[in-house]
Every structure is written in structure tokens, then in C-alpha cells.
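S.K.: Contents are CSV, C-alpha atoms and all ligand atoms; file name my_file_36.csv:
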chain,number,residue,atom,x,y,z
P,1,MET,CA,38.9,-102.7,105.3
P,2,GLN,CA,40.2,-105.7,103.4
P,3,LYS,CA,39.3,-109.4,103.8
P,4,LEU,CA,42.5,-111.4,104.3
P,5,GLU,CA,42.8,-115.1,105.0
P,6,GLN,CA,39.9,-117.1,106.3
P,7,LEU,CA,40.2,-117.9,110.0
P,8,TYR,CA,37.2,-120.1,110.5
P,9,GLU,CA,34.1,-121.4,108.8
P,10,GLY,CA,31.1,-122.2,111.1
P,11,LYS,CA,27.6,-123.5,110.3
P,12,ALA,CA,26.2,-120.1,109.4
P,13,LYS,CA,29.2,-117.8,109.0
P,14,LYS,CA,32.7,-117.4,107.8
P,15,VAL,CA,35.3,-115.3,109.6
P,16,PHE,CA,38.2,-113.5,107.9
P,17,MET,CA,41.3,-111.7,109.2
P,18,THR,CA,41.9,-108.1,108.3
P,19,GLU,CA,45.0,-105.9,108.5
P,20,ASP,CA,43.9,-104.8,112.0
P,21,PRO,CA,44.7,-107.6,114.5
P,22,ASP,CA,41.7,-106.4,116.6
P,23,VAL,CA,39.2,-106.7,113.9
P,24,VAL,CA,37.7,-109.6,111.8
P,25,ILE,CA,35.1,-109.7,109.1
P,26,VAL,CA,32.1,-111.9,109.5
P,27,ASP,CA,30.4,-113.2,106.3
P,28,TYR,CA,26.9,-114.6,106.8
P,29,LYS,CA,25.8,-117.6,104.7
P,30,ASP,CA,22.4,-118.9,103.7
P,31,ASP,CA,23.3,-122.4,105.1
P,32,ALA,CA,21.0,-123.6,107.9
P,33,THR,CA,21.6,-126.5,110.3
P,34,ALA,CA,19.6,-127.8,113.2
P,35,PHE,CA,19.9,-130.6,115.8
P,36,ASN,CA,23.7,-130.2,116.2
P,37,GLY,CA,24.3,-130.3,112.4
P,38,GLU,CA,22.2,-133.4,111.7
P,39,LYS,CA,19.7,-131.5,109.6
P,40,LYS,CA,21.1,-129.3,106.8
P,41,GLY,CA,19.5,-127.0,104.3
P,42,THR,CA,19.4,-123.5,102.8
P,43,ILE,CA,17.2,-120.6,103.7
P,44,VAL,CA,17.5,-118.2,100.8
P,45,GLY,CA,18.3,-114.6,101.8
P,46,LYS,CA,18.9,-115.6,105.5
P,47,GLY,CA,22.5,-114.4,105.5
P,48,VAL,CA,21.4,-110.9,104.5
P,49,ILE,CA,18.6,-110.7,107.1
P,50,ASN,CA,20.7,-112.1,109.9
P,51,ASN,CA,23.6,-109.8,109.2
P,52,ARG,CA,21.5,-106.6,108.9
P,53,MET,CA,19.2,-107.5,111.8
P,54,THR,CA,22.0,-108.4,114.1
P,55,ASN,CA,23.8,-105.1,113.3
P,56,TYR,CA,20.7,-103.0,113.8
P,57,ILE,CA,20.0,-104.7,117.2
P,58,PHE,CA,23.7,-104.5,118.3
P,59,ARG,CA,23.7,-100.7,117.5
P,60,MET,CA,20.5,-100.4,119.6
P,61,LEU,CA,22.0,-102.4,122.5
P,62,GLU,CA,25.1,-100.2,122.5
P,63,GLU,CA,22.9,-97.2,123.0
P,64,GLU,CA,21.4,-99.0,125.9
P,65,GLY,CA,24.8,-99.5,127.5
P,66,ILE,CA,25.6,-103.0,126.4
P,67,PRO,CA,29.0,-103.3,124.9
P,68,THR,CA,29.1,-105.4,121.6
P,69,HIS,CA,31.6,-106.6,119.0
P,70,TYR,CA,30.0,-104.5,116.3
P,71,VAL,CA,32.3,-102.2,114.3
P,72,GLU,CA,30.9,-101.5,110.9
P,73,GLU,CA,28.5,-103.0,108.3
P,74,LEU,CA,30.5,-103.5,105.1
P,75,SER,CA,27.8,-105.0,102.8
P,76,ASP,CA,24.5,-106.9,103.0
P,77,ARG,CA,26.4,-110.0,104.2
P,78,GLU,CA,29.6,-108.7,105.7
P,79,THR,CA,30.4,-106.9,108.9
P,80,ALA,CA,33.6,-105.8,110.6
P,81,VAL,CA,33.5,-106.9,114.3
P,82,LYS,CA,36.0,-106.8,117.2
P,83,LYS,CA,38.1,-110.0,117.3
P,84,VAL,CA,37.0,-111.7,120.5
P,85,GLU,CA,37.8,-114.9,122.3
P,86,ILE,CA,34.4,-116.5,122.6
P,87,VAL,CA,33.3,-117.5,126.1
P,88,PRO,CA,32.3,-121.2,125.4
P,89,LEU,CA,28.8,-120.8,126.8
P,90,GLU,CA,25.4,-120.5,125.0
P,91,VAL,CA,23.4,-118.1,127.2
P,92,ILE,CA,19.7,-118.9,126.8
P,93,VAL,CA,16.8,-116.7,128.1
P,94,ARG,CA,13.2,-117.8,128.1
P,95,ASN,CA,10.1,-115.8,128.6
P,96,VAL,CA,7.6,-118.4,127.4
P,97,ALA,CA,7.8,-122.2,127.6
P,98,ALA,CA,8.9,-123.7,124.2
P,99,GLY,CA,11.4,-126.1,122.7
P,100,SER,CA,13.7,-128.1,125.0
P,101,PHE,CA,12.3,-126.4,128.1
P,102,ALA,CA,8.7,-127.3,127.3
P,103,GLN,CA,9.7,-130.9,126.4
P,104,LYS,CA,11.9,-131.4,129.4
P,105,LEU,CA,9.4,-130.2,131.9
P,106,GLY,CA,6.2,-131.5,130.3
P,107,ILE,CA,4.8,-128.0,129.9
P,108,GLU,CA,2.7,-127.0,126.9
P,109,GLU,CA,4.5,-124.7,124.4
P,110,GLY,CA,3.2,-121.1,124.8
P,111,ARG,CA,2.8,-120.9,128.5
P,112,LYS,CA,4.0,-117.6,129.8
P,113,LEU,CA,6.7,-118.1,132.5
P,114,LEU,CA,6.3,-116.4,135.9
P,115,ALA,CA,9.8,-115.0,135.5
P,116,PRO,CA,12.4,-115.0,132.8
P,117,THR,CA,14.9,-117.9,133.1
P,118,LEU,CA,18.6,-118.0,132.3
P,119,GLU,CA,20.5,-121.1,131.4
P,120,PHE,CA,24.0,-122.0,130.1
P,121,SER,CA,25.0,-124.7,127.7
P,122,TYR,CA,28.7,-125.6,127.3
P,123,LYS,CA,29.6,-125.0,123.7
P,124,ASP,CA,30.9,-128.4,122.5
P,125,ASP,CA,29.5,-130.0,119.4
P,126,ALA,CA,30.9,-133.5,120.2
P,127,LEU,CA,29.0,-133.4,123.6
P,128,GLY,CA,25.8,-131.9,122.0
P,129,ASP,CA,26.2,-128.6,124.0
P,130,PRO,CA,25.2,-130.0,127.5
P,131,MET,CA,23.3,-127.7,129.8
P,132,ILE,CA,25.5,-126.7,132.8
P,133,ASN,CA,25.2,-124.2,135.7
P,134,ASP,CA,27.4,-121.3,136.8
P,135,TYR,CA,29.4,-123.5,139.2
P,136,TYR,CA,30.2,-126.0,136.4
P,137,ALA,CA,31.2,-123.1,134.1
P,138,ILE,CA,33.6,-121.8,136.7
P,139,ALA,CA,34.9,-125.3,137.7
P,140,ILE,CA,35.9,-126.2,134.1
P,141,GLY,CA,37.4,-122.8,133.4
P,142,ALA,CA,34.8,-121.7,130.9
P,143,ALA,CA,34.3,-118.4,132.7
P,144,THR,CA,35.2,-116.7,136.0
P,145,ARG,CA,32.6,-115.7,138.6
P,146,GLU,CA,33.1,-112.0,137.7
P,147,GLU,CA,32.5,-112.9,134.0
P,148,ILE,CA,29.4,-114.9,134.8
P,149,ASP,CA,28.0,-112.1,136.9
P,150,LYS,CA,28.6,-109.5,134.1
P,151,ILE,CA,27.1,-111.9,131.5
P,152,THR,CA,24.0,-112.4,133.7
P,153,GLU,CA,23.6,-108.6,134.3
P,154,TYR,CA,23.9,-107.9,130.5
P,155,THR,CA,21.7,-110.8,129.5
P,156,PHE,CA,18.6,-109.7,131.6
P,157,LYS,CA,19.0,-106.2,130.4
P,158,ILE,CA,19.2,-107.4,126.8
P,159,ASN,CA,16.0,-109.4,127.4
P,160,GLU,CA,14.2,-106.3,128.6
P,161,VAL,CA,15.4,-104.2,125.6
P,162,LEU,CA,14.7,-106.9,123.0
P,163,SER,CA,11.3,-107.9,124.4
P,164,LYS,CA,10.1,-104.3,124.2
P,165,PHE,CA,11.7,-103.8,120.7
P,166,PHE,CA,10.0,-106.9,119.2
P,167,ALA,CA,6.7,-106.2,121.0
P,168,GLU,CA,6.6,-102.8,119.2
P,169,ALA,CA,6.8,-104.8,115.9
P,170,GLY,CA,3.9,-107.1,116.9
P,171,ILE,CA,6.3,-109.9,117.8
P,172,GLU,CA,6.6,-111.8,121.1
P,173,LEU,CA,10.2,-112.7,122.1
P,174,ILE,CA,9.7,-116.3,123.4
P,175,ASP,CA,13.3,-117.2,124.0
P,176,PHE,CA,16.8,-116.6,122.6
P,177,LYS,CA,20.4,-117.6,122.7
P,178,ILE,CA,23.3,-115.2,122.9
P,179,GLU,CA,27.1,-115.5,123.1
P,180,PHE,CA,29.7,-113.3,124.7
P,181,GLY,CA,33.4,-112.7,124.0
P,182,ARG,CA,36.5,-111.4,125.7
P,183,PHE,CA,38.0,-108.3,124.2
P,184,HIS,CA,41.0,-107.0,126.0
P,185,ASP,CA,39.7,-108.4,129.3
P,186,GLN,CA,36.2,-106.8,128.8
P,187,ILE,CA,33.1,-109.0,128.3
P,188,ILE,CA,31.1,-107.9,125.2
P,189,LEU,CA,28.2,-109.3,123.3
P,190,ALA,CA,29.3,-111.2,120.2
P,191,ASP,CA,27.8,-113.6,117.6
P,192,GLU,CA,24.3,-112.7,116.4
P,193,VAL,CA,20.7,-112.0,117.3
P,194,SER,CA,18.4,-113.2,114.5
P,195,PRO,CA,15.5,-115.6,113.7
P,196,ASP,CA,18.1,-118.3,113.7
P,197,THR,CA,18.8,-117.7,117.4
P,198,CYS,CA,15.5,-116.4,118.8
P,199,ARG,CA,12.0,-117.8,118.9
P,200,LEU,CA,9.7,-115.1,117.6
P,201,TRP,CA,5.9,-115.4,117.5
P,202,ASP,CA,3.3,-113.2,116.1
P,203,ILE,CA,1.9,-111.5,119.2
P,204,LYS,CA,-1.8,-112.0,118.1
P,205,THR,CA,-1.9,-115.2,116.1
P,206,ARG,CA,1.2,-116.8,117.8
P,207,GLU,CA,2.4,-117.9,114.3
P,208,LYS,CA,6.1,-119.0,114.5
P,209,LEU,CA,8.4,-116.5,112.6
P,210,ASP,CA,11.8,-118.2,113.3
P,211,LYS,CA,14.0,-121.2,112.7
P,212,ASP,CA,11.5,-123.6,114.2
P,213,ARG,CA,9.8,-123.5,110.8
P,214,PHE,CA,13.0,-125.1,109.4
P,215,ARG,CA,13.6,-127.4,112.4
P,216,ARG,CA,10.0,-128.7,112.3
P,217,ASP,CA,9.5,-128.7,108.5
P,218,MET,CA,6.7,-126.2,108.7
P,219,GLY,CA,7.3,-124.5,105.4
P,220,ASN,CA,7.3,-120.8,104.5
P,221,VAL,CA,10.7,-120.4,106.2
P,222,GLU,CA,12.0,-117.6,103.9
P,223,ASP,CA,8.7,-115.8,104.2
P,224,ALA,CA,8.9,-115.9,108.0
P,225,TYR,CA,12.4,-114.4,108.1
P,226,GLN,CA,11.3,-111.7,105.6
P,227,GLU,CA,8.3,-110.9,107.7
P,228,VAL,CA,10.4,-110.3,110.8
P,229,PHE,CA,12.8,-108.1,108.8
P,230,ARG,CA,9.9,-106.1,107.3
P,231,ARG,CA,8.2,-105.6,110.6
P,232,ILE,CA,11.2,-104.3,112.5
P,233,GLY,CA,11.5,-101.8,109.7
P,234,ILE,CA,15.3,-101.8,109.0
P,235,LYS,CA,16.1,-99.3,106.4
P,301,LIG,O1,16.1,-125.7,121.8
P,301,LIG,P1,15.9,-124.8,122.9
P,301,LIG,O2,14.5,-124.7,123.4
P,301,LIG,O3,16.8,-125.1,124.1
P,301,LIG,O4,16.4,-123.4,122.4
P,301,LIG,C1,16.2,-122.2,123.2
P,301,LIG,C2,16.6,-121.0,122.3
P,301,LIG,O5,18.0,-121.0,122.0
P,301,LIG,C3,15.9,-120.9,120.9
P,301,LIG,O6,15.5,-119.6,120.7
P,301,LIG,C4,16.9,-121.4,119.9
P,301,LIG,O7,16.7,-120.8,118.7
P,301,LIG,C5,18.2,-121.0,120.6
P,301,LIG,N1,19.3,-121.9,120.3
P,301,LIG,C6,20.3,-121.5,119.4
P,301,LIG,N2,21.4,-122.3,119.2
P,301,LIG,C7,21.5,-123.5,119.8
P,301,LIG,C8,20.5,-123.9,120.7
P,301,LIG,C9,19.4,-123.0,121.0
P,301,LIG,O8,20.2,-120.4,118.8
P,301,LIG,N3,22.6,-124.2,119.5
Please express the file's structure as C-alpha cells.
Ligand code: C5P

M.R.:
Amino acid sequence: MQKLEQLYEGKAKKVFMTEDPDVVIVDYKDDATAFNGEKKGTIVGKGVINNRMTNYIFRMLEEEGIPTHYVEELSDRETAVKKVEIVPLEVIVRNVAAGSFAQKLGIEEGRKLLAPTLEFSYKDDALGDPMINDYYAIAIGAATREEIDKITEYTFKINEVLSKFFAEAGIELIDFKIEFGRFHDQIILADEVSPDTCRLWDIKTREKLDKDRFRRDMGNVEDAYQEVFRRIGIK
């Protein structure tokens, strides 16, 4: 598969066309941003980890019946994926209070929630990705009721599969963000699942092993990403 012209460059990835109109190549960068692009930096080796970890997880989710955009890993940083139209929603699941949830509700970080939550943010950098609900999403044409229901069903199933998967590696899945796309009228999982998009804590010590180390200037960012990669044992 050949990389043709660049279609798009995002904060963490570049996307290239291929000779197949249904397939694009994603190229993962080491660039890191936080707070809607206000904080910028580099996490050395992150592109390789996020690419290989996402692919491993997407293959696992496919086996569990979740359709994804994954086609083929081409190199440490490059993957062929189905060309989707991204549904402009960030879908966030929380198992434990942290981040904006803990802040907004005045709950201490680390409190286990009585049930997993699901929330949507409207993907719009200029607006700072405002939180919306399903009625807003339908009202502004971001998704249909059928799409929202499918996304909700897939998302809770993904949470179950991933929580178990990380727990087996001694990691607690605190929360995560995923995105979906439309591929020939089918809703499929797109984008990535990585320490950039998940909060991952050591199950015993509750040490943070994710992008919060970068967001909060905690140091040892690269080591934390490597530790997650090592623990999940991707060959
Ligand atoms: O900041 P907040 O607590 O709302 O983040 C919830 C989860 O969503 C975290 O795992 C965070 O890494 C992820 N997230 C993301 N991209 C964003 C916003 C949040 O991956 N733009």
C-alpha cells in the first residue's frame, strides 16, 4: 500500500490517501498537546506506542464483535485504516472520578463511581469541545438517534472489554475517550485507544501511567507510556 498525498494533519497524527478510495494511512507523531492545544511538547516514542497499542486493542475488540477502522499495521508508526467520516463527538466513559468530572462535581480524584458514566463532547476546537447530550447531538445533526444508540451500545461493551484487559496487566482503567466514524452507513470505532486518550493507573499504587503526567508536569512521561506498553505485553 502506498502513501499518496496528505489529507490532514492533526495534533498527534497525519493522514494520507492511498490508491484505494476506502483506505487511508495514519502516521502517528510524537507531538503532544493538552488543554485544547495551549500546551505543546514531545513525548519521545509515543507515536510508536500509540500506533501499536491501538492496533492491538482494535484487533482484540474486533474479536469481541466491535467493528473498527483497523485494516493493517504497516510499520511502527503507520497503519492502514478504513476511510471514515468522523462522527463529531468525543465519547467519554468514566469508571472512577478524575479530571474534569472530579473538578466539576467537587469529588476527590480516585473515588470509584457506582456505575460507569457516558458523556459526549461536540468536537469543535474553537468552542473548546463543549459537553452536550444525545438530544443536542441529534438536534445539531452530529448524529442520528440510531447512531447514538449504536455508539452507546458499543461504548459500554468496549468499557467492559478494556477494563478487564487492563486489569489483567495490573492497570485500572479510570476513564477514556473514543471516537466513531461512518463507513458505508455503518458505525465503526475509529481514532485511537492509548495513554493519550485513557487514564490508566497502577492498580495497587494508583500511580498515573498516562497523559496526565504531561498535562500536569509530573515528569517520567515517556517511562509511563513504556510501562503500559511493556505490561500489556505486545509482541
Ligand atoms: O479531561 P476529562 O476528565 O474530561 O477527560 C476524560 C478522558 O477523556 C481522559 O481519559 C482524557 O484523556 C480523555 N480525553 C481525550 N481527549 C480530549 C478530552 C479528553 O482523550 N480532547

S.K.: Step by step, measure atom-to-atom distances between ligand LIG 301 (chain P) and each residue using all atoms listed in the file, keep those at most 6 Å, then write them as a list in words.

M.R.: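 Answer in the requested format: Ile92, Ala98, Gly99, Ser100, Phe101, Asp175, Phe176, Lys177, Asp196, Thr197, Cys198 and Arg199 of chain P.
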
S.K.: Could you write out that same residue set with C-alpha atoms as a CSV table (one decimal), in the frame of the given file?

M.R.:
chain,number,residue,atom,x,y,z
P,92,ILE,CA,19.7,-118.9,126.8
P,98,ALA,CA,8.9,-123.7,124.2
P,99,GLY,CA,11.4,-126.1,122.7
P,100,SER,CA,13.7,-128.1,125.0
P,101,PHE,CA,12.3,-126.4,128.1
P,175,ASP,CA,13.3,-117.2,124.0
P,176,PHE,CA,16.8,-116.6,122.6
P,177,LYS,CA,20.4,-117.6,122.7
P,196,ASP,CA,18.1,-118.3,113.7
P,197,THR,CA,18.8,-117.7,117.4
P,198,CYS,CA,15.5,-116.4,118.8
P,199,ARG,CA,12.0,-117.8,118.9

S.K.: Measuring atom to atom with only C-alpha atoms, identify which of P:Glu227, P:Glu9, P:Glu222, P:Glu78 is nearest to Ile43 of chain P.

M.R.: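 Closest candidate: P:Glu222.
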
S.K.: Any chance you could tabulate, as a tab-separated table, the residues of segment 34-96 of chain P at most 12 Å from segment 207-210 of chain P with each one's nearest atom pair and distance in Å to one decimal, using all atoms listed in the file, in chain and rising number order?

M.R.:
residue	atom	partner	partner_atom	distance
P:Ile43	CA	P:Asp210	CA	11.3
P:Lys46	CA	P:Asp210	CA	10.9
P:Ile49	CA	P:Asp210	CA	11.9
P:Asn50	CA	P:Asp210	CA	11.3

S.K.: Out of P:Arg215, P:Glu179, P:Ala80, P:Ile232, which residue has the shortest atom-to-atom distance to Gly41 of chain P when counting only C-alpha atoms?

M.R.: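 Counting only C-alpha atoms, the residue closest to Gly41 of chain P is P:Arg215.
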
S.K.: Between P:Tyr122, P:Phe166, P:Phe180, P:Tyr28, which has the minimum distance to Lys14 of chain P (counting all atoms listed in the file)?

M.R.: P:Tyr28

S.K.: How would you write as a VMD selection string the residues that get within 12 Å of (35.9, -116.0, 112.0) in the file's frame, counting only C-alpha atoms?

M.R.: chain P and resid 3 to 18 23 to 28 78 to 86 190 to 191

S.K.: Taking C-alpha atoms for each residue, export the selection above as an mmCIF file, in the frame of the given file.

M.R.:
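selection.cif was written with the following content:
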data_model
loop_
_atom_site.group_PDB
_atom_site.id
_atom_site.type_symbol
_atom_site.label_atom_id
_atom_site.label_comp_id
_atom_site.auth_asym_id
_atom_site.auth_seq_id
_atom_site.Cartn_x
_atom_site.Cartn_y
_atom_site.Cartn_z
ATOM 1 C CA LYS P 3 39.300 -109.400 103.800
ATOM 2 C CA LEU P 4 42.500 -111.400 104.300
ATOM 3 C CA GLU P 5 42.800 -115.100 105.000
ATOM 4 C CA GLN P 6 39.900 -117.100 106.300
ATOM 5 C CA LEU P 7 40.200 -117.900 110.000
ATOM 6 C CA TYR P 8 37.200 -120.100 110.500
ATOM 7 C CA GLU P 9 34.100 -121.400 108.800
ATOM 8 C CA GLY P 10 31.100 -122.200 111.100
ATOM 9 C CA LYS P 11 27.600 -123.500 110.300
ATOM 10 C CA ALA P 12 26.200 -120.100 109.400
ATOM 11 C CA LYS P 13 29.200 -117.800 109.000
ATOM 12 C CA LYS P 14 32.700 -117.400 107.800
ATOM 13 C CA VAL P 15 35.300 -115.300 109.600
ATOM 14 C CA PHE P 16 38.200 -113.500 107.900
ATOM 15 C CA MET P 17 41.300 -111.700 109.200
ATOM 16 C CA THR P 18 41.900 -108.100 108.300
ATOM 17 C CA VAL P 23 39.200 -106.700 113.900
ATOM 18 C CA VAL P 24 37.700 -109.600 111.800
ATOM 19 C CA ILE P 25 35.100 -109.700 109.100
ATOM 20 C CA VAL P 26 32.100 -111.900 109.500
ATOM 21 C CA ASP P 27 30.400 -113.200 106.300
ATOM 22 C CA TYR P 28 26.900 -114.600 106.800
ATOM 23 C CA GLU P 78 29.600 -108.700 105.700
ATOM 24 C CA THR P 79 30.400 -106.900 108.900
ATOM 25 C CA ALA P 80 33.600 -105.800 110.600
ATOM 26 C CA VAL P 81 33.500 -106.900 114.300
ATOM 27 C CA LYS P 82 36.000 -106.800 117.200
ATOM 28 C CA LYS P 83 38.100 -110.000 117.300
ATOM 29 C CA VAL P 84 37.000 -111.700 120.500
ATOM 30 C CA GLU P 85 37.800 -114.900 122.300
ATOM 31 C CA ILE P 86 34.400 -116.500 122.600
ATOM 32 C CA ALA P 190 29.300 -111.200 120.200
ATOM 33 C CA ASP P 191 27.800 -113.600 117.600
#

S.K.: Taking (11.6, -113.7, 135.2) in the file's coordinates as the center, which residues reach within 10 Å of it, counting only C-alpha atoms, put as number ranges by chain?

M.R.: P: 93-96, 113-118, 156, 159

S.K.: Quick one: residues within 10 Å of Phe35 of chain P, all atoms listed in the file counted, chain neighbours fewer than 4 positions away excluded, as a PyMOL selection string?

M.R.: chain P and resi 39-40+128+215

S.K.: Expressed in Å to a single decimal, how great is the separation between atom CA of Gly45 of chain P and atom CA of Asp217 of chain P?

M.R.: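 Calculated distance between atom CA of Gly45 of chain P and atom CA of Asp217 of chain P is 17.9 Å.
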
S.K.: Could you state the separation of atom CA of Ala169 of chain P and atom CA of Arg213 of chain P in Å, given to one decimal place?

M.R.: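 Separation between atom CA of Ala169 of chain P and atom CA of Arg213 of chain P: 19.6 Å.
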
S.K.: Between P:Glu153, P:Gly141, P:Ile174, P:Tyr225, which has the minimum distance to Arg111 of chain P (counting only C-alpha atoms)?

M.R.: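 Of P:Glu153, P:Gly141, P:Ile174, P:Tyr225, the one nearest Arg111 of chain P, counting only C-alpha atoms, is P:Ile174.
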
S.K.: Which neighbours of Gln186 of chain P fall inside 9 Å, counting all atoms listed in the file, when residues of the same chain fewer than 4 positions from it are skipped, and could you give them as a list of chain:residue names?

M.R.: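 Result of the neighbour search: P:Pro67, P:Glu147, P:Gly181, P:Arg182.
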
S.K.: Could you please determine the separation between atom CA of Glu172 of chain P and atom CA of Met218 of chain P in Å, to one decimal place?

M.R.: 19.0 Å

S.K.: Which is closer to Thr144 of chain P than all the others in P:Pro88, P:Val161, P:Glu109, P:Gly65, using only C-alpha atoms?

M.R.: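 Between P:Pro88, P:Val161, P:Glu109, P:Gly65, the residue approaching Thr144 of chain P most closely is P:Pro88.
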
S.K.: Rank P:Ala137, P:Met131, P:Ala97, P:Leu200 by their smallest atom-to-atom distance to Phe229 of chain P, using only C-alpha atoms, and report the top residue only.

M.R.: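 Closest to Phe229 of chain P, using only C-alpha atoms: P:Leu200.
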
S.K.: With a distance cut-off of 10 Å and all atoms listed in the file, select the neighbouring residues of Met60 of chain P, excluding the residue or stretch itself and same-chain residues fewer than 6 positions from it, and output the selection as a list of chain:residue names.

M.R.: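 The filter keeps P:Thr54, P:Ile66, P:Val161, P:Leu162, P:Phe165.
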